[in-house]
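Single-structure report; data block below.
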Amino acid sequence: MSGSTLYLVRNNNGESIKLPMFISQADMDLIEKEFVVQDGDVFVTTYPRSGTTWTEQIVHLLVNNGEQGEQRLTDAVPWLETLPHRPNGMGEFLKTMPPRRLFTSHLPYSLMPPLNSSTAKVVYIARNPKDVAISNYFHVQSKANYEGTWEEYFQLFLNDDVGFGPYFDHILAWWQASQQDKNILFLKYEDMIRDHAGHVAKIAAFLGIQADSHLIDTVVTLSSFKSMTSQETTNFDWIPQRAGVPKHFRKGEIGDWRNHFSAEQSQQMDDLYMKKMKNSGLQFEF
Ligand code: A3P
């Protein structure tokens, strides 16, 4: 993947955002024109590789009283940006979704369909930039046939030449929005790893779901890394992935960046982090 394989979309502010090439301007136009947020909708929204799949599973289980069901996770919690690619089109697919509709999205705040006065909610998961960068590097190898080196990918990431645009802009815009809007819950991957059950309870409360300890325990068990990699409906084995490189579920840990970043790369990211996050009130421990 390089800059030339990314698709440019003009956002509401007149700025361009880079999306993966399989998401087109026509897809974004259709979503903008025809996708209407409904009361009760839940969006799991993230910058890619920040814990989207994990949180989808938690939300899916909470909304369905701990029952996994038969659907694959990508059907139970479909990806908003690819709804126009559903075999019978976006409109027909949406008709098949029961309320409370669950979606996933990687869109920046400026491109998300507005929640307006609905009771829809967004659970936004952010992850530290170093683990996000390294996780995305393996992801594009596996899913987009990226053949560059880590050093090359690191430069693409620093230059914002990757899908879904600049990492820091993404998380900071959602962070600021979450400070104004009680229907946006901003969580961090690292906190979820350190206190899985506490975050399941927090998400349940945010969604207005009465979760007793039995439901919390069930959701924690079925959303563990081990369980998700072994269940057919959650392991993502149905998604084409290149052999010989890590799969969708890779390590699921904090700090794997230490095994890949050089001291110089780490310093470069630290400098950028300090510059971007200064005065934001948001910080990561990694
Ligand atoms: P790593 O590549 O660091 O292992 P996304 O779903 O947004 O694409 O994020 C993928 C990242 O979340 C991967 O990180 C993956 O291993 C991790 N992940 C997925 N399920 C998880 C779980 N149940 N617990 C912890 N981490 C999980």
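Simple scheme: letters A, B, ... for chains in structure tokens order, numbers from 1 for residues in each chain, numbers from 1 for ligands in the order shown.
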List as a PDB file with N, CA and C atoms, in the first residue's frame the protein and nucleic acid residues lying within 6 Å of ligand 1, with only C-alpha atoms and all ligand atoms counted.
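Output file result-v5.pdb is given in full below:
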```pdb
ATOM      1  N   PRO A  48      -8.394   2.382  12.756  1.00  0.00           N
ATOM      2  CA  PRO A  48      -8.143   0.950  12.566  1.00  0.00           C
ATOM      3  C   PRO A  48      -7.071   0.381  13.514  1.00  0.00           C
ATOM      4  N   ARG A  49      -7.323  -0.832  13.962  1.00  0.00           N
ATOM      5  CA  ARG A  49      -6.431  -1.631  14.812  1.00  0.00           C
ATOM      6  C   ARG A  49      -6.356  -1.124  16.248  1.00  0.00           C
ATOM      7  N   SER A  50      -7.464  -0.590  16.694  1.00  0.00           N
ATOM      8  CA  SER A  50      -7.499  -0.054  18.060  1.00  0.00           C
ATOM      9  C   SER A  50      -8.356  -0.894  19.002  1.00  0.00           C
ATOM     10  N   GLY A  51      -8.866  -2.028  18.515  1.00  0.00           N
ATOM     11  CA  GLY A  51      -9.726  -2.858  19.363  1.00  0.00           C
ATOM     12  C   GLY A  51     -11.174  -2.858  18.909  1.00  0.00           C
ATOM     13  N   THR A  52     -11.389  -2.580  17.634  1.00  0.00           N
ATOM     14  CA  THR A  52     -12.741  -2.534  17.057  1.00  0.00           C
ATOM     15  C   THR A  52     -13.463  -3.871  17.243  1.00  0.00           C
ATOM     16  N   THR A  53     -12.837  -4.938  16.781  1.00  0.00           N
ATOM     17  CA  THR A  53     -13.475  -6.259  16.756  1.00  0.00           C
ATOM     18  C   THR A  53     -13.828  -6.703  18.177  1.00  0.00           C
ATOM     19  N   TRP A  54     -12.908  -6.474  19.063  1.00  0.00           N
ATOM     20  CA  TRP A  54     -13.109  -6.819  20.481  1.00  0.00           C
ATOM     21  C   TRP A  54     -14.348  -6.091  21.014  1.00  0.00           C
ATOM     22  N   SER A 135       0.488  -2.597  14.632  1.00  0.00           N
ATOM     23  CA  SER A 135      -0.625  -3.502  14.326  1.00  0.00           C
ATOM     24  C   SER A 135      -1.130  -3.267  12.903  1.00  0.00           C
ATOM     25  N   SER A 223     -15.663 -12.657  25.105  1.00  0.00           N
ATOM     26  CA  SER A 223     -14.920 -11.625  24.368  1.00  0.00           C
ATOM     27  C   SER A 223     -13.427 -11.664  24.701  1.00  0.00           C
ATOM     28  N   SER A 224     -12.995 -12.729  25.352  1.00  0.00           N
ATOM     29  CA  SER A 224     -11.557 -12.852  25.601  1.00  0.00           C
ATOM     30  C   SER A 224     -10.863 -13.147  24.269  1.00  0.00           C
ATOM     31  N   PHE A 225      -9.607 -12.807  24.200  1.00  0.00           N
ATOM     32  CA  PHE A 225      -8.818 -13.052  22.979  1.00  0.00           C
ATOM     33  C   PHE A 225      -8.893 -14.539  22.619  1.00  0.00           C
ATOM     34  N   PHE A 249      -6.427 -11.452  14.360  1.00  0.00           N
ATOM     35  CA  PHE A 249      -6.116 -11.485  15.790  1.00  0.00           C
ATOM     36  C   PHE A 249      -4.630 -11.823  15.889  1.00  0.00           C
ATOM     37  N   ARG A 250      -3.845 -10.896  16.331  1.00  0.00           N
ATOM     38  CA  ARG A 250      -2.399 -11.109  16.288  1.00  0.00           C
ATOM     39  C   ARG A 250      -1.896 -11.416  17.699  1.00  0.00           C
ATOM     40  N   LYS A 251      -1.686 -10.391  18.535  1.00  0.00           N
ATOM     41  CA  LYS A 251      -1.176 -10.644  19.889  1.00  0.00           C
ATOM     42  C   LYS A 251      -2.149 -10.186  20.972  1.00  0.00           C
ATOM     43  N   GLY A 252      -2.807  -9.069  20.721  1.00  0.00           N
ATOM     44  CA  GLY A 252      -3.766  -8.573  21.704  1.00  0.00           C
ATOM     45  C   GLY A 252      -3.111  -8.124  23.005  1.00  0.00           C
ATOM     46  N   GLU A 253      -1.983  -7.417  22.885  1.00  0.00           N
ATOM     47  CA  GLU A 253      -1.244  -6.992  24.087  1.00  0.00           C
ATOM     48  C   GLU A 253      -0.915  -5.503  24.010  1.00  0.00           C
TER      49      GLU A 253
END
```
May I have a table of the residues of segment 118-152 of chain A lying at most 12 Å from segment 272-283 of chain A, giving each one's closest pair of atoms and their distance in Å to one decimal, counting only C-alpha atoms, ordered by chain and ascending residue number, as a Markdown table?
```
| residue | atom | partner | partner_atom | distance |
| --- | --- | --- | --- | --- |
| A:Ala126 | CA | A:Gln283 | CA | 10.3 |
| A:Arg127 | CA | A:Gln283 | CA | 10.0 |
| A:Asn128 | CA | A:Gln283 | CA | 8.5 |
| A:Pro129 | CA | A:Tyr273 | CA | 8.1 |
| A:Lys130 | CA | A:Tyr273 | CA | 9.8 |
```
Any chance you could export the current selection's N, CA and C atoms as an mmCIF file, in the first residue's frame?
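Written out: result-v2.cif:
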```cif
data_model
loop_
_atom_site.group_PDB
_atom_site.id
_atom_site.type_symbol
_atom_site.label_atom_id
_atom_site.label_comp_id
_atom_site.auth_asym_id
_atom_site.auth_seq_id
_atom_site.Cartn_x
_atom_site.Cartn_y
_atom_site.Cartn_z
ATOM 1 N N ALA A 126 -9.871 4.130 21.557
ATOM 2 C CA ALA A 126 -8.586 4.660 21.095
ATOM 3 C C ALA A 126 -7.463 3.794 21.674
ATOM 4 N N ARG A 127 -6.368 3.705 20.919
ATOM 5 C CA ARG A 127 -5.217 2.904 21.363
ATOM 6 C C ARG A 127 -3.958 3.728 21.118
ATOM 7 N N ASN A 128 -2.921 3.460 21.870
ATOM 8 C CA ASN A 128 -1.705 4.279 21.741
ATOM 9 C C ASN A 128 -1.127 4.173 20.324
ATOM 10 N N PRO A 129 -0.481 5.261 19.858
ATOM 11 C CA PRO A 129 -0.062 5.321 18.448
ATOM 12 C C PRO A 129 1.007 4.304 18.062
ATOM 13 N N LYS A 130 1.835 3.902 19.000
ATOM 14 C CA LYS A 130 2.908 2.965 18.635
ATOM 15 C C LYS A 130 2.343 1.574 18.359
#
```
* To do: Fewer than 3 positions away in the same chain doesn't count, so skip those; otherwise give me all residues within 9 Å of Leu107 of chain A, counting only C-alpha atoms, as a ChimeraX atom specification.
  => /A:19,45-47,80-81,110-112,164,170
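Residue nearest Ile171 of chain A, chosen from A:Phe284, A:Trp257, A:Phe103, A:Phe93 and counting only C-alpha atoms: A:Phe284.
For the set A:Asp195, A:Glu32, A:Glu92, A:Asn136, the residue with the smallest atom-to-atom gap to Phe157 of chain A is A:Asn136, counting only C-alpha atoms.
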* To do: Mind checking which residues fall within 8 Å of Ala211 of chain A, counting only C-alpha atoms, ignoring those fewer than 4 positions away in the same chain, and posting them as a ChimeraX atom specification?
  => /A:62,201,204-205,215-216
How about saving the chosen residues, N, CA and C atoms kept, as a JSON list (two decimals), in the first residue's frame?
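Result went into out.json, see below:
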```json
[["chain", "number", "residue", "atom", "x", "y", "z"],
["A", 62, "LEU", "N", -23.67, -7.89, 24.81],
["A", 62, "LEU", "CA", -24.48, -7.15, 25.80],
["A", 62, "LEU", "C", -25.90, -6.93, 25.29],
["A", 201, "ALA", "N", -18.82, -3.61, 32.06],
["A", 201, "ALA", "CA", -19.87, -3.00, 32.89],
["A", 201, "ALA", "C", -20.10, -1.54, 32.48],
["A", 204, "ALA", "N", -22.03, -1.47, 29.24],
["A", 204, "ALA", "CA", -23.43, -1.85, 29.50],
["A", 204, "ALA", "C", -24.20, -0.65, 30.07],
["A", 205, "ALA", "N", -23.62, 0.01, 31.07],
["A", 205, "ALA", "CA", -24.30, 1.15, 31.69],
["A", 205, "ALA", "C", -24.53, 2.25, 30.66],
["A", 215, "LEU", "N", -24.20, -11.91, 33.51],
["A", 215, "LEU", "CA", -24.05, -11.41, 32.13],
["A", 215, "LEU", "C", -22.65, -10.82, 31.92],
["A", 216, "ILE", "N", -22.16, -10.09, 32.89],
["A", 216, "ILE", "CA", -20.81, -9.51, 32.75],
["A", 216, "ILE", "C", -19.79, -10.63, 32.58]]
```
* Pro246 of chain A environment, 9 Å, only C-alpha atoms, sequence neighbours closer than 4 positions dropped, as a list in words ->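 In the requested form, the answer reads Phe138, His139, Gln141, Ser142, Gln241, Arg242, Arg250 and Lys251 of chain A.
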The selected residues should be written to file as a PDB file, in the first residue's frame (atoms: all heavy atoms).
```pdb
ATOM      1  N   PHE A 138       1.196  -4.937  10.249  1.00  0.00           N
ATOM      2  CA  PHE A 138       0.911  -6.358   9.997  1.00  0.00           C
ATOM      3  C   PHE A 138      -0.432  -6.530   9.289  1.00  0.00           C
ATOM      4  O   PHE A 138      -0.599  -7.416   8.460  1.00  0.00           O
ATOM      5  CB  PHE A 138       0.958  -7.148  11.308  1.00  0.00           C
ATOM      6  CG  PHE A 138       2.357  -7.339  11.811  1.00  0.00           C
ATOM      7  CD1 PHE A 138       2.830  -6.659  12.918  1.00  0.00           C
ATOM      8  CD2 PHE A 138       3.228  -8.185  11.133  1.00  0.00           C
ATOM      9  CE1 PHE A 138       4.142  -6.815  13.360  1.00  0.00           C
ATOM     10  CE2 PHE A 138       4.543  -8.350  11.562  1.00  0.00           C
ATOM     11  CZ  PHE A 138       4.999  -7.669  12.674  1.00  0.00           C
ATOM     12  N   HIS A 139      -1.363  -5.657   9.617  1.00  0.00           N
ATOM     13  CA  HIS A 139      -2.696  -5.730   9.013  1.00  0.00           C
ATOM     14  C   HIS A 139      -2.635  -5.510   7.494  1.00  0.00           C
ATOM     15  O   HIS A 139      -3.239  -6.253   6.728  1.00  0.00           O
ATOM     16  CB  HIS A 139      -3.588  -4.674   9.671  1.00  0.00           C
ATOM     17  CG  HIS A 139      -4.989  -4.654   9.176  1.00  0.00           C
ATOM     18  ND1 HIS A 139      -5.897  -5.636   9.493  1.00  0.00           N
ATOM     19  CD2 HIS A 139      -5.640  -3.770   8.393  1.00  0.00           C
ATOM     20  CE1 HIS A 139      -7.055  -5.345   8.920  1.00  0.00           C
ATOM     21  NE2 HIS A 139      -6.923  -4.228   8.245  1.00  0.00           N
ATOM     22  N   GLN A 141      -0.138  -5.943   5.579  1.00  0.00           N
ATOM     23  CA  GLN A 141       0.561  -7.086   4.962  1.00  0.00           C
ATOM     24  C   GLN A 141      -0.439  -8.214   4.711  1.00  0.00           C
ATOM     25  O   GLN A 141      -0.458  -8.829   3.657  1.00  0.00           O
ATOM     26  CB  GLN A 141       1.633  -7.627   5.901  1.00  0.00           C
ATOM     27  CG  GLN A 141       2.876  -6.788   5.979  1.00  0.00           C
ATOM     28  CD  GLN A 141       3.955  -7.493   6.796  1.00  0.00           C
ATOM     29  OE1 GLN A 141       3.666  -8.240   7.724  1.00  0.00           O
ATOM     30  NE2 GLN A 141       5.188  -7.249   6.435  1.00  0.00           N
ATOM     31  N   SER A 142      -1.262  -8.446   5.717  1.00  0.00           N
ATOM     32  CA  SER A 142      -2.190  -9.576   5.663  1.00  0.00           C
ATOM     33  C   SER A 142      -3.383  -9.319   4.745  1.00  0.00           C
ATOM     34  O   SER A 142      -3.807 -10.197   3.997  1.00  0.00           O
ATOM     35  CB  SER A 142      -2.669  -9.859   7.090  1.00  0.00           C
ATOM     36  OG  SER A 142      -3.831 -10.612   7.086  1.00  0.00           O
ATOM     37  N   GLN A 241      -7.024 -13.580   4.043  1.00  0.00           N
ATOM     38  CA  GLN A 241      -5.820 -13.069   4.690  1.00  0.00           C
ATOM     39  C   GLN A 241      -4.609 -13.770   4.088  1.00  0.00           C
ATOM     40  O   GLN A 241      -4.676 -14.960   3.805  1.00  0.00           O
ATOM     41  CB  GLN A 241      -5.868 -13.334   6.207  1.00  0.00           C
ATOM     42  CG  GLN A 241      -7.074 -12.688   6.881  1.00  0.00           C
ATOM     43  CD  GLN A 241      -7.242 -13.040   8.356  1.00  0.00           C
ATOM     44  OE1 GLN A 241      -6.441 -12.682   9.190  1.00  0.00           O
ATOM     45  NE2 GLN A 241      -8.326 -13.740   8.678  1.00  0.00           N
ATOM     46  N   ARG A 242      -3.541 -13.043   3.894  1.00  0.00           N
ATOM     47  CA  ARG A 242      -2.357 -13.622   3.251  1.00  0.00           C
ATOM     48  C   ARG A 242      -1.697 -14.637   4.189  1.00  0.00           C
ATOM     49  O   ARG A 242      -1.533 -14.376   5.380  1.00  0.00           O
ATOM     50  CB  ARG A 242      -1.364 -12.500   2.911  1.00  0.00           C
ATOM     51  CG  ARG A 242      -0.111 -13.012   2.210  1.00  0.00           C
ATOM     52  CD  ARG A 242       0.459 -12.037   1.205  1.00  0.00           C
ATOM     53  NE  ARG A 242       0.768 -10.731   1.729  1.00  0.00           N
ATOM     54  CZ  ARG A 242       1.970 -10.154   1.637  1.00  0.00           C
ATOM     55  NH1 ARG A 242       2.977 -10.787   1.066  1.00  0.00           N
ATOM     56  NH2 ARG A 242       2.166  -8.953   2.085  1.00  0.00           N
ATOM     57  N   ARG A 250      -3.845 -10.896  16.331  1.00  0.00           N
ATOM     58  CA  ARG A 250      -2.399 -11.109  16.288  1.00  0.00           C
ATOM     59  C   ARG A 250      -1.896 -11.416  17.699  1.00  0.00           C
ATOM     60  O   ARG A 250      -1.741 -12.571  18.055  1.00  0.00           O
ATOM     61  CB  ARG A 250      -1.733  -9.854  15.679  1.00  0.00           C
ATOM     62  CG  ARG A 250      -0.343 -10.055  15.152  1.00  0.00           C
ATOM     63  CD  ARG A 250       0.154  -8.772  14.532  1.00  0.00           C
ATOM     64  NE  ARG A 250       0.151  -7.661  15.478  1.00  0.00           N
ATOM     65  CZ  ARG A 250       1.187  -7.297  16.243  1.00  0.00           C
ATOM     66  NH1 ARG A 250       2.334  -7.943  16.117  1.00  0.00           N
ATOM     67  NH2 ARG A 250       1.100  -6.287  17.082  1.00  0.00           N
ATOM     68  N   LYS A 251      -1.686 -10.391  18.535  1.00  0.00           N
ATOM     69  CA  LYS A 251      -1.176 -10.644  19.889  1.00  0.00           C
ATOM     70  C   LYS A 251      -2.149 -10.186  20.972  1.00  0.00           C
ATOM     71  O   LYS A 251      -2.233 -10.783  22.028  1.00  0.00           O
ATOM     72  CB  LYS A 251       0.147  -9.918  20.092  1.00  0.00           C
ATOM     73  CG  LYS A 251       1.279 -10.504  19.280  1.00  0.00           C
ATOM     74  CD  LYS A 251       2.607 -10.013  19.821  1.00  0.00           C
ATOM     75  CE  LYS A 251       3.758 -10.781  19.207  1.00  0.00           C
ATOM     76  NZ  LYS A 251       5.062 -10.257  19.671  1.00  0.00           N
TER      77      LYS A 251
END
```
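Residue nearest Gln71 of chain A within the list A:Met90, A:Val132, A:Ala26, A:Met97: A:Met97 [criterion: smallest interatomic distance, only C-alpha atoms].
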* Asked: Can you tell me how far atom CA of Pro113 of chain A sits from atom CA of Leu30 of chain A, in Å to one decimal?
  ->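 Separation between atom CA of Pro113 of chain A and atom CA of Leu30 of chain A: 11.2 Å.
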* A:Gln155, A:Val123, A:Glu232, A:Asn13: which is nearest Lys202 of chain A, counting only C-alpha atoms? -> A:Val123
* Expressed in Å to a single decimal, how great is the separation between atom CA of Ile209 of chain A and atom CA of Leu83 of chain A? ->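 Answer for the atom CA of Ile209 of chain A to atom CA of Leu83 of chain A separation: 26.8 Å.
In terms of minimum interatomic distance to Leu115 of chain A, A:Ala177 ranks closest within A:Ala177, A:Ile134, A:Ala76, A:Leu158, counting only C-alpha atoms.
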